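The structure under discussion appears below in the form of structure tokens.
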Amino acid sequence: MKTIRMKFITEAGKNFYVSMDYAAPELSGAEGAAKVKAAADLILEQQPFDVTLVSCESAELIERTSTEIELTKAGA
């Protein structure tokens, strides 16, 4: 699963992160960057949170994988 995480700066100068799961893999390309910027601009325009966001400083596409670890009982 991929997650897009955008880092905004609040009116108070603090970091504010917005993360969304199930991001499209192509967001890491040039066209994807334009889509992410458009989404960040919309968030800045709409101000949907309880803090005032003044800018989007960065965005990253995060990919997580997991590997199951088989645990055996001691002495088995």
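Ligands are numbered from 1 in the order shown, residues from 1 within each chain, and chains are lettered A, B, ... in the order they appear in the structure tokens.
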
Original post:
Got a sec: who's within 6 Å of A:Leu53, counting only C-alpha atoms, leaving out chain neighbours fewer than 4 positions off, as a PyMOL selection string?
Top reply: chain A and resi 9-11

Taking only chain A into account, list the residues labelled strand (DSSP E) by DSSP (computed from the backbone), as a PDB file with N, CA and C atoms, in the first residue's frame.
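The resulting file, part_5.pdb, is shown below:
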ATOM      1  N   LYS A   2       0.506   2.219  -0.780  1.00  0.00           N
ATOM      2  CA  LYS A   2       1.239   3.481  -0.822  1.00  0.00           C
ATOM      3  C   LYS A   2       0.418   4.564  -0.134  1.00  0.00           C
ATOM      4  N   THR A   3       1.129   5.467   0.504  1.00  0.00           N
ATOM      5  CA  THR A   3       0.505   6.576   1.217  1.00  0.00           C
ATOM      6  C   THR A   3       1.145   7.869   0.742  1.00  0.00           C
ATOM      7  N   ILE A   4       0.322   8.872   0.490  1.00  0.00           N
ATOM      8  CA  ILE A   4       0.856  10.198   0.184  1.00  0.00           C
ATOM      9  C   ILE A   4       0.804  11.005   1.477  1.00  0.00           C
ATOM     10  N   ARG A   5       1.906  11.663   1.808  1.00  0.00           N
ATOM     11  CA  ARG A   5       1.950  12.483   3.017  1.00  0.00           C
ATOM     12  C   ARG A   5       2.421  13.876   2.636  1.00  0.00           C
ATOM     13  N   MET A   6       1.613  14.871   2.981  1.00  0.00           N
ATOM     14  CA  MET A   6       1.937  16.254   2.680  1.00  0.00           C
ATOM     15  C   MET A   6       2.242  16.988   3.980  1.00  0.00           C
ATOM     16  N   LYS A   7       3.287  17.785   3.924  1.00  0.00           N
ATOM     17  CA  LYS A   7       3.690  18.567   5.090  1.00  0.00           C
ATOM     18  C   LYS A   7       3.313  20.029   4.850  1.00  0.00           C
ATOM     19  N   PHE A   8       2.410  20.521   5.688  1.00  0.00           N
ATOM     20  CA  PHE A   8       1.976  21.914   5.619  1.00  0.00           C
ATOM     21  C   PHE A   8       2.591  22.692   6.773  1.00  0.00           C
ATOM     22  N   ILE A   9       2.624  23.994   6.636  1.00  0.00           N
ATOM     23  CA  ILE A   9       3.046  24.888   7.704  1.00  0.00           C
ATOM     24  C   ILE A   9       1.809  25.671   8.153  1.00  0.00           C
ATOM     25  N   THR A  10       1.605  25.719   9.466  1.00  0.00           N
ATOM     26  CA  THR A  10       0.447  26.438  10.008  1.00  0.00           C
ATOM     27  C   THR A  10       0.772  27.916  10.180  1.00  0.00           C
ATOM     28  N   ASN A  15       4.582  22.472  12.004  1.00  0.00           N
ATOM     29  CA  ASN A  15       4.340  21.462  10.969  1.00  0.00           C
ATOM     30  C   ASN A  15       2.985  20.812  11.187  1.00  0.00           C
ATOM     31  N   PHE A  16       2.294  20.537  10.079  1.00  0.00           N
ATOM     32  CA  PHE A  16       0.999  19.862  10.105  1.00  0.00           C
ATOM     33  C   PHE A  16       1.001  18.879   8.943  1.00  0.00           C
ATOM     34  N   TYR A  17       0.813  17.593   9.245  1.00  0.00           N
ATOM     35  CA  TYR A  17       0.892  16.555   8.226  1.00  0.00           C
ATOM     36  C   TYR A  17      -0.489  16.028   7.868  1.00  0.00           C
ATOM     37  N   VAL A  18      -0.699  15.788   6.571  1.00  0.00           N
ATOM     38  CA  VAL A  18      -1.911  15.151   6.069  1.00  0.00           C
ATOM     39  C   VAL A  18      -1.461  13.902   5.320  1.00  0.00           C
ATOM     40  N   SER A  19      -1.974  12.749   5.732  1.00  0.00           N
ATOM     41  CA  SER A  19      -1.630  11.483   5.086  1.00  0.00           C
ATOM     42  C   SER A  19      -2.875  10.831   4.528  1.00  0.00           C
ATOM     43  N   MET A  20      -2.746  10.261   3.339  1.00  0.00           N
ATOM     44  CA  MET A  20      -3.862   9.564   2.704  1.00  0.00           C
ATOM     45  C   MET A  20      -3.368   8.233   2.157  1.00  0.00           C
ATOM     46  N   ASP A  21      -4.018   7.162   2.566  1.00  0.00           N
ATOM     47  CA  ASP A  21      -3.670   5.824   2.101  1.00  0.00           C
ATOM     48  C   ASP A  21      -4.195   5.578   0.690  1.00  0.00           C
ATOM     49  N   LEU A  53      -3.697  26.737   7.663  1.00  0.00           N
ATOM     50  CA  LEU A  53      -2.523  26.308   6.920  1.00  0.00           C
ATOM     51  C   LEU A  53      -2.106  27.430   5.973  1.00  0.00           C
ATOM     52  N   VAL A  54      -0.808  27.736   5.941  1.00  0.00           N
ATOM     53  CA  VAL A  54      -0.352  28.837   5.089  1.00  0.00           C
ATOM     54  C   VAL A  54       0.431  28.375   3.865  1.00  0.00           C
ATOM     55  N   SER A  55       1.025  27.180   3.928  1.00  0.00           N
ATOM     56  CA  SER A  55       1.757  26.680   2.768  1.00  0.00           C
ATOM     57  C   SER A  55       1.950  25.174   2.868  1.00  0.00           C
ATOM     58  N   CYS A  56       2.204  24.573   1.711  1.00  0.00           N
ATOM     59  CA  CYS A  56       2.572  23.157   1.667  1.00  0.00           C
ATOM     60  C   CYS A  56       4.069  23.115   1.398  1.00  0.00           C
ATOM     61  N   GLU A  57       4.813  22.615   2.363  1.00  0.00           N
ATOM     62  CA  GLU A  57       6.271  22.624   2.267  1.00  0.00           C
ATOM     63  C   GLU A  57       6.817  21.451   1.468  1.00  0.00           C
ATOM     64  N   SER A  58       6.175  20.274   1.586  1.00  0.00           N
ATOM     65  CA  SER A  58       6.688  19.103   0.877  1.00  0.00           C
ATOM     66  C   SER A  58       5.623  18.019   0.818  1.00  0.00           C
ATOM     67  N   ALA A  59       5.915  17.012   0.003  1.00  0.00           N
ATOM     68  CA  ALA A  59       5.050  15.838  -0.096  1.00  0.00           C
ATOM     69  C   ALA A  59       5.933  14.643  -0.375  1.00  0.00           C
ATOM     70  N   GLU A  60       5.487  13.493   0.098  1.00  0.00           N
ATOM     71  CA  GLU A  60       6.246  12.272  -0.163  1.00  0.00           C
ATOM     72  C   GLU A  60       5.300  11.101  -0.355  1.00  0.00           C
ATOM     73  N   LEU A  61       5.741  10.169  -1.179  1.00  0.00           N
ATOM     74  CA  LEU A  61       5.010   8.936  -1.425  1.00  0.00           C
ATOM     75  C   LEU A  61       5.691   7.851  -0.609  1.00  0.00           C
ATOM     76  N   ILE A  62       4.960   7.264   0.304  1.00  0.00           N
ATOM     77  CA  ILE A  62       5.513   6.274   1.224  1.00  0.00           C
ATOM     78  C   ILE A  62       4.986   4.899   0.841  1.00  0.00           C
ATOM     79  N   GLU A  63       5.882   3.938   0.729  1.00  0.00           N
ATOM     80  CA  GLU A  63       5.481   2.564   0.447  1.00  0.00           C
ATOM     81  C   GLU A  63       5.885   1.699   1.630  1.00  0.00           C
TER      82      GLU A  63
END

Subject >> Residues flagged helix (DSSP H, G or I) by DSSP in chain A, as a count of residues only >> reply: 21

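Each of A:Leu27, A:Val51, A:Ile69, A:Met1 was compared to A:Ala39 using only C-alpha atoms, and A:Leu27 turns out to be the nearest.
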
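The space between atom CA of A:Thr65 and atom CA of A:Tyr22 spans 13.2 Å.
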
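Among the candidate residues A:Asp50, A:Leu71, A:Leu42, A:Lys35, the one lying nearest to A:Ala23 is A:Lys35, with distances computed using only C-alpha atoms.
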